[in-house]
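Shown next: final.cif, given as mmCIF, C-alpha atoms.
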data_work
#
loop_
_atom_site.label_atom_id
_atom_site.label_comp_id
_atom_site.auth_asym_id
_atom_site.auth_seq_id
_atom_site.Cartn_x
_atom_site.Cartn_y
_atom_site.Cartn_z
CA MET A 1 -9.62 72.53 35.83
CA ASN A 2 -10.76 76.01 36.82
CA LYS A 3 -14.09 77.58 35.87
CA LEU A 4 -12.59 79.51 32.92
CA GLY A 5 -11.04 76.29 31.59
CA VAL A 6 -14.39 74.45 31.78
CA ILE A 7 -16.15 77.32 29.98
CA THR A 8 -13.45 77.43 27.29
CA VAL A 9 -13.57 73.66 26.69
CA SER A 10 -17.39 73.75 26.59
CA ALA A 11 -17.39 76.65 24.12
CA LEU A 12 -14.84 74.94 21.86
CA THR A 13 -16.82 71.68 21.94
CA PHE A 14 -20.01 73.54 20.98
CA LEU A 15 -18.22 75.47 18.23
CA ASN A 16 -16.75 72.26 16.79
CA ALA A 17 -20.21 70.66 16.73
CA CYS A 18 -21.59 73.69 14.86
CA LEU A 19 -18.81 73.69 12.28
CA ASN A 20 -18.93 70.00 11.40
CA THR A 21 -21.83 68.27 9.62
CA GLY A 22 -20.56 65.00 11.07
CA ILE A 23 -20.82 63.24 7.71
CA LYS A 24 -17.90 60.90 7.08
CA GLY A 25 -17.49 59.71 3.51
CA GLU A 26 -15.67 56.58 4.65
CA ASN A 27 -19.01 55.33 6.06
CA TYR A 28 -20.35 54.95 2.49
CA ILE A 29 -17.44 53.23 0.72
CA ASP A 30 -19.09 49.78 0.76
CA MET A 31 -22.67 51.01 0.22
CA LYS A 32 -24.63 50.14 -2.92
CA PRO A 33 -25.66 51.13 -5.47
CA GLU A 34 -22.31 52.65 -6.30
CA PHE A 35 -22.58 56.25 -7.49
CA LYS A 36 -20.61 57.04 -10.62
CA LEU A 37 -21.01 60.73 -11.39
CA GLU A 38 -20.05 60.33 -15.05
CA GLU A 39 -22.67 57.62 -15.55
CA TYR A 40 -25.52 59.23 -13.64
CA PHE A 41 -25.08 62.68 -15.17
CA ASN A 42 -24.81 61.41 -18.75
CA GLY A 43 -28.19 62.20 -20.28
CA PRO A 44 -31.32 63.86 -18.90
CA VAL A 45 -32.15 64.11 -15.18
CA LYS A 46 -35.20 65.71 -13.53
CA ALA A 47 -34.85 67.36 -10.07
CA TRP A 48 -37.08 68.84 -7.35
CA GLY A 49 -35.84 70.68 -4.30
CA ILE A 50 -36.27 73.00 -1.36
CA ILE A 51 -34.05 75.51 0.42
CA GLN A 52 -34.47 75.88 4.18
CA ASP A 53 -33.21 78.64 6.45
CA ARG A 54 -31.18 77.90 9.58
CA LYS A 55 -34.39 77.31 11.56
CA GLY A 56 -35.68 74.72 9.07
CA ASN A 57 -38.30 76.92 7.41
CA VAL A 58 -38.71 76.34 3.66
CA ILE A 59 -37.75 79.61 2.00
CA SER A 60 -37.71 78.44 -1.63
CA ARG A 61 -38.94 75.56 -3.80
CA PHE A 62 -37.79 74.67 -7.29
CA ASP A 63 -37.58 72.08 -10.01
CA ALA A 64 -34.82 71.62 -12.54
CA ASP A 65 -33.92 69.88 -15.77
CA LEU A 66 -30.33 68.70 -16.10
CA ILE A 67 -28.54 67.28 -19.11
CA GLY A 68 -25.05 65.85 -18.84
CA THR A 69 -22.58 64.73 -21.48
CA TRP A 70 -19.24 63.00 -21.02
CA GLU A 71 -16.27 62.36 -23.27
CA GLY A 72 -13.54 60.42 -21.52
CA ASN A 73 -12.78 62.19 -18.24
CA GLN A 74 -14.44 65.46 -19.28
CA GLY A 75 -18.08 66.21 -18.52
CA VAL A 76 -20.52 69.06 -18.98
CA LEU A 77 -23.68 69.38 -16.89
CA GLU A 78 -26.29 71.91 -18.05
CA GLU A 79 -28.78 72.87 -15.32
CA ASN A 80 -32.04 74.84 -15.73
CA PHE A 81 -33.75 75.79 -12.44
CA ARG A 82 -37.27 77.19 -12.07
CA TYR A 83 -38.09 78.69 -8.65
CA TYR A 84 -41.82 78.39 -7.80
CA ASP A 85 -42.02 81.29 -5.36
CA SER A 86 -40.19 83.99 -7.31
CA GLY A 87 -40.63 82.80 -10.88
CA VAL A 88 -36.87 83.17 -11.37
CA VAL A 89 -35.26 80.91 -13.98
CA GLN A 90 -31.56 80.16 -13.51
CA ASP A 91 -29.13 78.35 -15.80
CA ARG A 92 -25.77 76.93 -14.79
CA ARG A 93 -23.17 75.10 -16.84
CA TRP A 94 -20.75 72.87 -14.94
CA GLU A 95 -17.51 71.70 -16.52
CA ILE A 96 -16.25 68.65 -14.66
CA THR A 97 -13.00 66.70 -14.87
CA LYS A 98 -12.60 63.23 -13.43
CA VAL A 99 -9.09 63.40 -11.95
CA ASP A 100 -8.87 59.74 -10.91
CA GLU A 101 -11.17 56.93 -9.76
CA ASN A 102 -12.57 58.90 -6.79
CA ASN A 103 -11.75 62.57 -7.34
CA TYR A 104 -13.30 65.30 -9.46
CA ILE A 105 -12.86 69.01 -10.01
CA GLY A 106 -15.49 71.30 -11.44
CA SER A 107 -16.24 74.87 -12.33
CA ALA A 108 -19.26 76.96 -13.25
CA GLY A 109 -19.78 80.65 -13.95
CA ASP A 110 -21.12 81.45 -10.49
CA ILE A 111 -18.78 79.18 -8.53
CA ILE A 112 -15.83 80.91 -6.84
CA GLY A 113 -12.63 79.13 -7.83
CA GLU A 114 -12.84 75.38 -8.19
CA ALA A 115 -15.31 72.83 -6.83
CA VAL A 116 -13.70 69.69 -5.43
CA GLY A 117 -15.53 66.36 -5.46
CA LYS A 118 -14.69 63.01 -3.86
CA SER A 119 -16.68 59.80 -4.26
CA TYR A 120 -17.25 57.22 -1.54
CA GLY A 121 -19.18 54.13 -2.71
CA ASN A 122 -22.79 55.30 -3.04
CA ALA A 123 -21.98 58.92 -2.11
CA ILE A 124 -20.05 61.87 -3.43
CA GLN A 125 -19.10 65.05 -1.58
CA TRP A 126 -18.61 68.38 -3.34
CA GLN A 127 -17.14 71.46 -1.67
CA TYR A 128 -17.18 74.91 -3.23
CA SER A 129 -18.02 78.58 -2.63
CA MET A 130 -20.65 80.73 -4.28
CA ASP A 131 -21.87 84.31 -3.95
CA ILE A 132 -25.60 84.26 -3.11
CA PRO A 133 -27.72 87.41 -3.54
CA VAL A 134 -30.22 88.00 -0.73
CA GLU A 135 -32.36 91.13 -1.07
CA ASN A 136 -29.85 93.98 -1.59
CA LYS A 137 -26.78 92.11 -0.34
CA THR A 138 -24.52 89.33 -1.58
CA TYR A 139 -23.14 86.67 0.75
CA ARG A 140 -20.25 84.35 -0.02
CA LEU A 141 -21.27 80.92 1.22
CA LYS A 142 -19.38 77.65 1.36
CA PHE A 143 -21.27 74.58 0.19
CA ASP A 144 -20.74 71.16 1.75
CA ASP A 145 -22.69 69.16 -0.81
CA TRP A 146 -23.50 65.42 -0.41
CA ILE A 147 -25.19 63.24 -3.03
CA TRP A 148 -26.30 59.66 -2.26
CA ALA A 149 -27.39 57.08 -4.85
CA MET A 150 -30.64 55.29 -4.15
CA ASN A 151 -32.30 52.57 -6.23
CA ASP A 152 -34.21 53.06 -9.50
CA GLY A 153 -32.10 55.96 -10.81
CA VAL A 154 -32.85 58.25 -7.87
CA VAL A 155 -30.28 60.32 -5.99
CA ILE A 156 -30.73 62.55 -2.95
CA ASN A 157 -28.61 65.69 -2.61
CA ARG A 158 -28.15 67.52 0.73
CA SER A 159 -26.17 70.73 0.80
CA TYR A 160 -25.13 72.57 3.93
CA LEU A 161 -24.58 76.27 3.16
CA LYS A 162 -22.12 77.82 5.58
CA LYS A 163 -20.94 81.28 6.56
CA PHE A 164 -18.02 81.60 8.99
CA GLY A 165 -18.26 77.82 9.47
CA PHE A 166 -21.89 77.89 10.65
CA THR A 167 -24.72 76.30 8.64
CA VAL A 168 -27.06 79.14 7.62
CA ALA A 169 -29.24 77.22 5.16
CA GLU A 170 -29.78 73.72 3.80
CA LEU A 171 -30.69 72.51 0.34
CA THR A 172 -32.42 69.20 -0.35
CA VAL A 173 -32.79 67.90 -3.92
CA PHE A 174 -34.33 64.69 -5.23
CA MET A 175 -33.20 63.67 -8.72
CA GLN A 176 -34.51 61.04 -11.13
CA LYS A 177 -32.50 59.85 -14.13
CA LEU A 178 -34.76 59.84 -17.18
#

Show me this structure written as structure tokens.
Amino acid sequence: MNKLGVITVSALTFLNACLNTGIKGENYIDMKPEFKLEEYFNGPVKAWGIIQDRKGNVISRFDADLIGTWEGNQGVLEENFRYYDSGVVQDRRWEITKVDENNYIGSAGDIIGEAVGKSYGNAIQWQYSMDIPVENKTYRLKFDDWIWAMNDGVVINRSYLKKFGFTVAELTVFMQKL
């Protein structure tokens, strides 16, 4: 292989590593406790989280109160966020449909199009896009959102916020079912 070929292969390998979080849902299929979205988000949940920039610096902290209700395969999740640093309060209402045993679709007022969810044992992955205001600009970011069930009614949520396939920020949320 010539020098240009080596450089091209190296660049493509690096680019692929940047674009992929490396998380494979199949790794969690047999993990316990099993995470059932419609059971966990049925009733009140308390949450605490941080948002980090691409360098790992915490740029925002928040807490949230969530209340979910389900009837059959239809769910509603009301979220109320309070950001410590800015004092901003944000509400979001998710409408979620359980399509089959492992697949969900959802929508919310600030979500672009439809959110797609897939469960894997103790984990669920959500993918969706959202416009995020930053200072005087708005950026459309893609969310690669992973939630893992822990013991004692706790879940951990990690979201990778991406622009042009590159992770530009990360969100970590700890939730406790009340």

Selected by the PyMOL selection byres ((chain A and resi 117) around 6) in the shown coordinates: which residues, as a PyMOL selection string? chain A and resi 103-105+116+118+125-126

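What the PyMOL selection byres ((chain A and resi 134-147) around 7) picks from this file is Ala123, Ile124, Gln125, Trp126, Gln127, Tyr128, Ser129, Met130, Asp131, Ile132, Pro133, Trp148, Ala149, Val155, Ile156, Asn157, Arg158, Ser159, Tyr160, Leu161, Lys162 and Lys163 of chain A.
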
Residues matched by the PyMOL selection byres ((chain A and resi 29-44) around 6), written as JSON, numbers by chain: {"A": [26, 27, 28, 45, 66, 67, 68, 69, 120, 121, 122, 149, 178]}

Could the residues in this selection be written to a file with C-alpha atoms, as an mmCIF file, in the frame of the given file?
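Output (out-v4.cif):
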data_model
loop_
_atom_site.group_PDB
_atom_site.id
_atom_site.type_symbol
_atom_site.label_atom_id
_atom_site.label_comp_id
_atom_site.auth_asym_id
_atom_site.auth_seq_id
_atom_site.Cartn_x
_atom_site.Cartn_y
_atom_site.Cartn_z
ATOM 1 C CA GLU A 26 -15.670 56.580 4.650
ATOM 2 C CA ASN A 27 -19.010 55.330 6.060
ATOM 3 C CA TYR A 28 -20.350 54.950 2.490
ATOM 4 C CA VAL A 45 -32.150 64.110 -15.180
ATOM 5 C CA LEU A 66 -30.330 68.700 -16.100
ATOM 6 C CA ILE A 67 -28.540 67.280 -19.110
ATOM 7 C CA GLY A 68 -25.050 65.850 -18.840
ATOM 8 C CA THR A 69 -22.580 64.730 -21.480
ATOM 9 C CA TYR A 120 -17.250 57.220 -1.540
ATOM 10 C CA GLY A 121 -19.180 54.130 -2.710
ATOM 11 C CA ASN A 122 -22.790 55.300 -3.040
ATOM 12 C CA ALA A 149 -27.390 57.080 -4.850
ATOM 13 C CA LEU A 178 -34.760 59.840 -17.180
#

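If you look at atom CA of A:Glu95 and atom CA of A:Glu78, they are 8.9 Å away from each other.
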
Tell me, as a ChimeraX atom specification, which residues lie within 9 Å of A:Arg92, counting all atoms listed in the file; anything in the same chain fewer than 5 positions away does not count. /A:77-81,108-110

Once 8 Å is added on each side, what centre and edge lengths in Å to one decimal does the axis-aligned box around all listed atoms of stretch 143-155 of chain A have, as JSON?
{"center_x": -27.5, "center_y": 63.6, "center_z": -4.5, "size_x": 29.5, "size_y": 38.0, "size_z": 28.6}

Rounded to one decimal place, report the atom CA of A:Thr172-atom CA of A:Val58 distance in Å. 10.3 Å

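Of the listed residues A:Glu71, A:Asp63, A:Asn57, A:Gly25, the one whose atoms come nearest to A:Met175 is A:Asp63, with distances taken using all atoms listed in the file.
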
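Using all atoms listed in the file, the smallest distance between any of A:Gly87, A:Arg61, A:Gly113, A:Asn73 and A:Asp100 comes from A:Asn73.
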
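Taking atom CA of A:Lys46 as the reference point, atom CA of A:Val154 is found at 9.7 Å.
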
Determine the nearest neighbour of A:Trp48 from the options A:Ser119, A:Asn151, A:Ser60, A:Asn102, counting only C-alpha atoms.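 When distances to A:Trp48 are compared using only C-alpha atoms, the smallest one comes from A:Ser60.
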
Of A:Arg82, A:Lys177, A:Met150, A:Thr167, the one nearest to A:Gln52 when counting all atoms listed in the file is A:Thr167

Using only C-alpha atoms, which residues sit within 7 Å of A:Gln74 once same-chain residues fewer than 5 positions away are excluded, as a list in words? Ile96, Thr97 and Lys98 of chain A
